[in-house]
>>> print(open('structure.cif').read())   # mmCIF, C-alpha atoms
data_model
#
loop_
_atom_site.label_atom_id
_atom_site.label_comp_id
_atom_site.auth_asym_id
_atom_site.auth_seq_id
_atom_site.Cartn_x
_atom_site.Cartn_y
_atom_site.Cartn_z
CA MET A 236 -30.32 -22.88 59.01
CA ALA A 237 -32.47 -19.98 60.20
CA ASP A 238 -36.02 -20.84 61.34
CA PHE A 239 -37.45 -18.09 59.14
CA PRO A 240 -35.36 -17.87 55.94
CA LEU A 241 -35.27 -14.45 54.33
CA LYS A 242 -36.02 -15.84 50.87
CA GLN A 243 -35.03 -12.57 49.26
CA ARG A 244 -34.24 -12.23 45.58
CA PHE A 245 -31.62 -10.07 43.92
CA VAL A 246 -30.87 -9.42 40.26
CA LEU A 247 -27.18 -8.79 39.72
CA ASP A 248 -25.51 -6.57 37.13
CA THR A 249 -22.07 -7.21 35.64
CA SER A 250 -20.68 -4.26 37.60
CA THR A 251 -21.39 -6.11 40.86
CA PHE A 252 -18.62 -8.56 40.00
CA VAL A 253 -16.04 -6.40 38.23
CA THR A 254 -16.05 -3.25 40.35
CA GLU A 255 -12.73 -2.77 42.09
CA ASP A 256 -14.60 -1.69 45.21
CA ILE A 257 -15.43 -5.30 46.15
CA ARG A 258 -11.75 -6.32 46.19
CA ARG A 259 -9.72 -6.63 49.33
CA ASP A 260 -6.00 -5.95 49.62
CA GLU A 261 -4.03 -7.73 46.89
CA GLU A 262 -7.09 -9.55 45.54
CA ASP A 263 -7.39 -9.91 41.79
CA VAL A 264 -10.70 -10.08 39.91
CA GLU A 265 -11.00 -13.86 40.17
CA ASP A 266 -10.35 -13.92 43.92
CA ALA A 267 -13.00 -11.25 44.51
CA VAL A 268 -15.55 -12.97 42.25
CA ASN A 269 -14.97 -16.32 43.97
CA ARG A 270 -15.38 -14.80 47.42
CA LEU A 271 -18.63 -13.13 46.36
CA LEU A 272 -19.94 -16.34 44.81
CA ASP A 273 -19.09 -18.27 47.99
CA SER A 274 -21.25 -15.82 49.94
CA VAL A 275 -24.04 -16.10 47.35
CA ALA A 276 -23.92 -19.90 47.66
CA GLN A 277 -24.00 -19.85 51.46
CA ALA A 278 -26.82 -17.30 51.51
CA LYS A 279 -28.82 -19.54 49.16
CA LEU A 280 -28.27 -22.72 51.18
CA GLU A 281 -28.68 -21.23 54.65
CA LEU A 282 -31.14 -18.37 54.18
CA GLY A 283 -33.00 -19.04 50.95
CA ILE A 284 -31.62 -15.88 49.30
CA SER A 285 -31.57 -16.26 45.50
CA CYS A 286 -29.53 -14.31 42.98
CA TYR A 287 -30.59 -13.97 39.36
CA MET A 288 -29.17 -12.62 36.13
CA PRO A 289 -30.73 -12.20 32.67
CA PRO A 290 -28.90 -14.27 30.01
CA SER A 291 -27.90 -11.07 28.22
CA ILE A 292 -26.17 -9.80 31.38
CA HIS A 293 -24.63 -13.24 31.97
CA ASP A 294 -23.12 -13.28 28.46
CA GLU A 295 -21.74 -9.78 29.01
CA LEU A 296 -20.17 -10.81 32.32
CA VAL A 297 -18.69 -14.00 30.89
CA GLY A 298 -17.01 -11.99 28.14
CA MET A 299 -15.51 -9.60 30.70
CA LEU A 300 -14.23 -12.43 32.87
CA GLU A 301 -12.81 -14.33 29.88
CA ASN A 302 -10.80 -11.23 28.98
CA ARG A 303 -9.37 -11.38 32.52
CA ASP A 304 -8.39 -15.08 32.16
CA VAL A 305 -10.75 -16.30 34.87
CA SER A 306 -10.67 -20.09 35.34
CA GLU A 307 -13.32 -22.61 34.30
CA ALA A 308 -13.89 -23.47 37.97
CA THR A 309 -15.04 -19.91 38.61
CA PHE A 310 -17.41 -20.02 35.63
CA ALA A 311 -18.82 -23.30 36.94
CA LYS A 312 -19.46 -21.66 40.31
CA LEU A 313 -21.12 -18.68 38.62
CA ASN A 314 -23.40 -20.94 36.59
CA THR A 315 -24.32 -22.95 39.68
CA TRP A 316 -25.25 -20.20 42.10
CA VAL A 317 -26.47 -17.31 39.93
CA ILE A 318 -29.73 -18.29 38.23
CA ARG A 319 -30.10 -17.31 34.60
CA LYS A 320 -33.66 -16.33 33.66
CA HIS A 321 -35.12 -14.52 30.69
CA PRO A 322 -37.33 -11.60 31.73
CA ALA A 323 -41.01 -11.93 30.84
CA ARG A 324 -40.92 -9.06 28.37
CA TYR A 325 -44.46 -9.66 27.09
CA GLU A 326 -45.96 -9.98 30.56
CA VAL A 327 -44.31 -7.28 32.66
CA MET A 328 -46.16 -3.98 32.32
CA ILE A 329 -44.27 -0.68 32.34
CA PRO A 330 -46.21 2.52 33.12
CA ALA A 331 -46.58 4.79 30.10
CA GLU A 332 -45.17 7.66 32.15
CA ILE A 333 -41.81 5.89 32.38
CA VAL A 334 -41.66 5.48 28.60
CA TYR A 335 -42.74 9.11 28.13
CA GLN A 336 -39.97 10.33 30.46
CA PHE A 337 -37.39 8.15 28.69
CA VAL A 338 -38.32 9.50 25.25
CA ASP A 339 -38.24 13.06 26.59
CA GLU A 340 -34.85 12.47 28.21
CA MET A 341 -33.33 10.97 25.06
CA SER A 342 -34.70 13.82 22.92
CA ASP A 343 -33.03 16.33 25.21
CA ARG A 344 -29.78 14.37 25.16
CA VAL A 345 -29.77 14.23 21.35
CA ASN A 346 -30.10 18.01 21.24
CA ARG A 347 -27.23 18.38 23.71
CA GLY A 348 -25.19 15.94 21.63
CA LEU A 349 -25.76 18.07 18.53
CA ARG A 350 -24.48 21.12 20.39
CA VAL A 351 -21.37 19.21 21.44
CA SER A 352 -20.80 18.20 17.79
CA GLU A 353 -21.25 21.77 16.55
CA GLU A 354 -18.68 23.04 19.04
CA ALA A 355 -16.24 20.35 17.94
CA VAL A 356 -16.66 21.24 14.26
CA ARG A 357 -15.90 24.91 15.00
CA ASP A 358 -12.82 23.97 17.01
CA ALA A 359 -11.62 21.60 14.26
CA ARG A 360 -11.95 24.31 11.58
CA GLU A 361 -9.76 26.64 13.60
CA LEU A 362 -7.16 23.91 14.22
CA GLU A 363 -7.18 22.29 10.77
CA GLY A 364 -3.71 21.28 9.61
CA THR A 365 -1.95 22.11 12.89
CA GLN A 366 0.53 19.40 13.88
CA LEU A 367 0.87 18.27 17.49
CA GLU A 368 4.42 18.68 18.78
CA ASP A 369 4.60 15.23 20.38
CA HIS A 370 2.88 13.25 17.61
CA GLU A 371 4.34 12.87 14.14
CA HIS A 372 1.07 11.83 12.50
CA LYS A 373 -1.56 13.20 14.89
CA THR A 374 -2.94 16.69 14.32
CA ASP A 375 -4.90 18.96 16.60
CA VAL A 376 -7.97 17.97 14.59
CA ASP A 377 -7.39 14.33 15.51
CA GLN A 378 -7.17 15.34 19.14
CA ALA A 379 -10.37 17.37 18.85
CA ILE A 380 -12.17 14.35 17.37
CA SER A 381 -10.97 12.20 20.26
CA LYS A 382 -12.31 14.72 22.76
CA LEU A 383 -15.59 14.90 20.83
CA ARG A 384 -16.11 11.14 21.08
CA GLU A 385 -15.65 11.14 24.84
CA LYS A 386 -17.76 14.23 25.46
CA TYR A 387 -20.49 13.05 23.10
CA ARG A 388 -20.62 9.66 24.83
CA ARG A 389 -20.93 11.28 28.27
CA THR A 390 -23.65 13.62 27.04
CA LEU A 391 -25.82 10.92 25.44
CA ARG A 392 -25.20 7.87 27.64
CA GLN A 393 -24.04 8.76 31.13
CA GLY A 394 -26.72 8.27 33.77
CA VAL A 395 -29.36 6.84 31.42
CA LEU A 396 -30.35 3.36 30.25
CA ASP A 397 -28.34 2.77 27.11
CA SER A 398 -28.63 -0.96 26.33
CA ARG A 399 -31.05 -3.86 26.08
CA GLU A 400 -29.13 -5.54 28.89
CA ASP A 401 -30.05 -2.71 31.26
CA PHE A 402 -33.74 -3.07 30.41
CA ASP A 403 -33.55 -6.86 30.80
CA LEU A 404 -32.18 -6.44 34.31
CA LEU A 405 -34.90 -4.02 35.37
CA ILE A 406 -37.74 -6.01 33.80
CA LEU A 407 -36.55 -9.21 35.46
CA ALA A 408 -36.26 -7.46 38.84
CA ARG A 409 -39.79 -6.10 38.46
CA GLU A 410 -41.10 -9.53 37.49
CA LEU A 411 -39.47 -11.20 40.51
CA GLU A 412 -40.03 -8.27 42.90
CA ALA A 413 -36.30 -8.47 43.49
CA GLY A 414 -33.69 -5.96 44.55
CA VAL A 415 -31.33 -4.59 41.89
CA VAL A 416 -27.59 -4.74 42.56
CA THR A 417 -25.48 -2.53 40.28
CA GLU A 418 -22.91 0.23 40.01
CA ASP A 419 -24.52 1.60 36.83
CA ARG A 420 -25.89 5.08 37.41
CA GLY A 421 -28.45 4.79 34.61
CA ILE A 422 -29.92 1.62 36.11
CA ILE A 423 -29.98 3.17 39.59
CA ASN A 424 -31.74 6.28 38.28
CA THR A 425 -34.45 4.21 36.61
CA ALA A 426 -34.89 1.60 39.35
CA GLY A 427 -36.87 4.09 41.41
CA ASP A 428 -39.28 4.69 38.52
CA PHE A 429 -39.85 0.93 38.35
CA GLY A 430 -40.59 0.86 42.08
CA LEU A 431 -37.58 -1.35 42.74
CA ARG A 432 -35.24 -1.70 45.69
CA TYR A 433 -31.61 -1.23 44.72
CA MET A 434 -28.15 -1.09 46.19
CA ARG A 435 -24.62 -0.48 44.97
CA GLY A 436 -22.59 -3.52 43.92
CA ARG A 437 -19.82 -2.55 46.31
CA GLU A 438 -22.29 -2.90 49.21
CA PHE A 439 -23.59 -6.34 48.29
CA PRO A 440 -20.81 -8.51 49.82
CA ALA A 441 -21.26 -6.70 53.13
CA LEU A 442 -25.03 -7.20 52.97
CA LEU A 443 -24.67 -10.96 52.57
CA ASP A 444 -22.05 -11.00 55.31
CA GLU A 445 -24.40 -9.22 57.71
CA TYR A 446 -27.30 -11.55 56.93
CA LEU A 447 -25.15 -14.63 57.48
CA HIS A 448 -23.70 -13.22 60.68
CA ALA A 449 -27.16 -12.30 62.02
CA ALA A 450 -28.36 -15.85 61.31
CA GLY A 451 -25.41 -17.23 63.29
CA VAL A 452 -24.04 -18.98 60.22
CA ARG A 453 -20.59 -17.41 60.29
CA GLU A 454 -18.51 -14.65 61.76
CA ARG A 455 -18.19 -11.34 59.97
CA THR A 456 -15.57 -11.58 57.26
CA GLY A 457 -14.44 -7.97 57.48
CA SER A 458 -16.18 -6.84 54.31
CA GLY A 459 -17.27 -3.63 56.01
CA PRO A 460 -20.57 -2.12 57.13
CA VAL A 461 -23.70 -2.27 55.04
CA VAL A 462 -24.58 1.11 53.57
CA GLY A 463 -28.03 1.90 52.20
CA ALA A 464 -29.25 -1.69 52.02
CA ASP A 465 -33.00 -2.25 51.79
CA ASP A 466 -34.41 -5.33 53.54
#
>>> encode(input="structure.cif", output="structure tokens")
Amino acid sequence: MADFPLKQRFVLDTSTFVTEDIRRDEEDVEDAVNRLLDSVAQAKLELGISCYMPPSIHDELVGMLENRDVSEATFAKLNTWVIRKHPARYEVMIPAEIVYQFVDEMSDRVNRGLRVSEEAVRDARELEGTQLEDHEHKTDVDQAISKLREKYRRTLRQGVLDSREDFDLLILARELEAGVVTEDRGIINTAGDFGLRYMRGREFPALLDEYLHAAGVRERTGSGPVVGADD
């Protein structure tokens, strides 16, 4: 064990585990998750690095992994090495400016969403009753509605916090003074406002690998260079 353990803390998002970018050649989801958890375990035992997850994020991740038929052994490893902790929602203070900016951002996005809806209504009126050549029961209006849903979702939700789980992750990281690990653009955009360190989920396995290698615990595992990691 290192003489001066790093004792860092990280709060992990679901995307850290399910992003395809952490997989090596021919690895499936379970193989990649197990390899990451092995590194998390070794970093905890050898360097004092701890990984956390709010229960809401944990439940979300468990549901995703269950849909991918991940084994009970992997869930046991997840529950052992990733600490579940509720954020102190009544104790962690958030600057009023952050809330102000969030309200302003959502107001602007609602207005943009209305414009997207108005455009879709105009398009649907022009296409009403037109049958698609390749679909017996689907009309051009149905296709326009489908496009509206996707465009409306991107307009209102992309790049912004859009769930309680996202807030839980950021509040917990602020409480623990921990780094945030995620692939979610909305969380990344807001982490800076919270004064938090953050890194992409795809970079996290390489970060742990570098720490363990620097401590002389193991050889590099070939997970690639660390990009943009904050110590």
>>> atom_distance(input="structure.cif", atom1="atom CA of Phe429 of chain A", atom2="atom CA of Leu247 of chain A")
16.0 Å
>>> residues_near_point(input="structure.cif", point="(-24.6, -14.9, 59.0)", cutoff="10 Å", atoms="all atoms listed in the file", output="list in words")
Met236, Ala237, Ser274, Gln277, Ala278, Glu281, Leu282, Leu442, Leu443, Asp444, Glu445, Tyr446, Leu447, His448, Ala449, Ala450, Gly451, Val452, Arg453, Glu454, Arg455 and Thr456 of chain A
>>> closest_residue(input="structure.cif", among="A:Glu326, A:Asp419, A:Glu261, A:Asp428", to="Leu407 of chain A", atoms="all atoms listed in the file")
A:Glu326
>>> residues_around(input="structure.cif", residues="Ile257 of chain A", least_positions_apart="5", cutoff="10 Å", atoms="all atoms listed in the file", output="number ranges by chain")
A: 251-252, 262, 264, 267-268, 270-271, 436-441, 458
>>> resolve_selection(input="structure.cif", expression="the PyMOL selection byres ((chain A and resi 243) around 10)", output="VMD selection string")
chain A and resid 240 to 242 244 to 245 278 to 279 282 to 286 411 to 414 466
>>> resolve_selection(input="structure.cif", expression="the PyMOL selection byres ((chain A and resi 401) around 12)", output="VMD selection string")
chain A and resid 246 to 250 288 to 293 295 322 394 to 400 402 to 408 415 to 426
>>> atom_distance(input="structure.cif", atom1="atom CA of Arg435 of chain A", atom2="atom CA of Val275 of chain A")
15.8 Å
>>> closest_residue(input="structure.cif", among="A:Ile318, A:Ala323, A:Val253, A:Met434", to="Leu300 of chain A", atoms="only C-alpha atoms")
A:Val253
>>> resolve_selection(input="structure.cif", expression="the PyMOL selection byres ((chain A and resi 308-314) around 8)", output="ChimeraX atom specification")
/A:265,268-269,272,297,305-307,315-319
>>> atom_distance(input="structure.cif", atom1="atom CA of Glu301 of chain A", atom2="atom CA of Asp263 of chain A")
13.8 Å
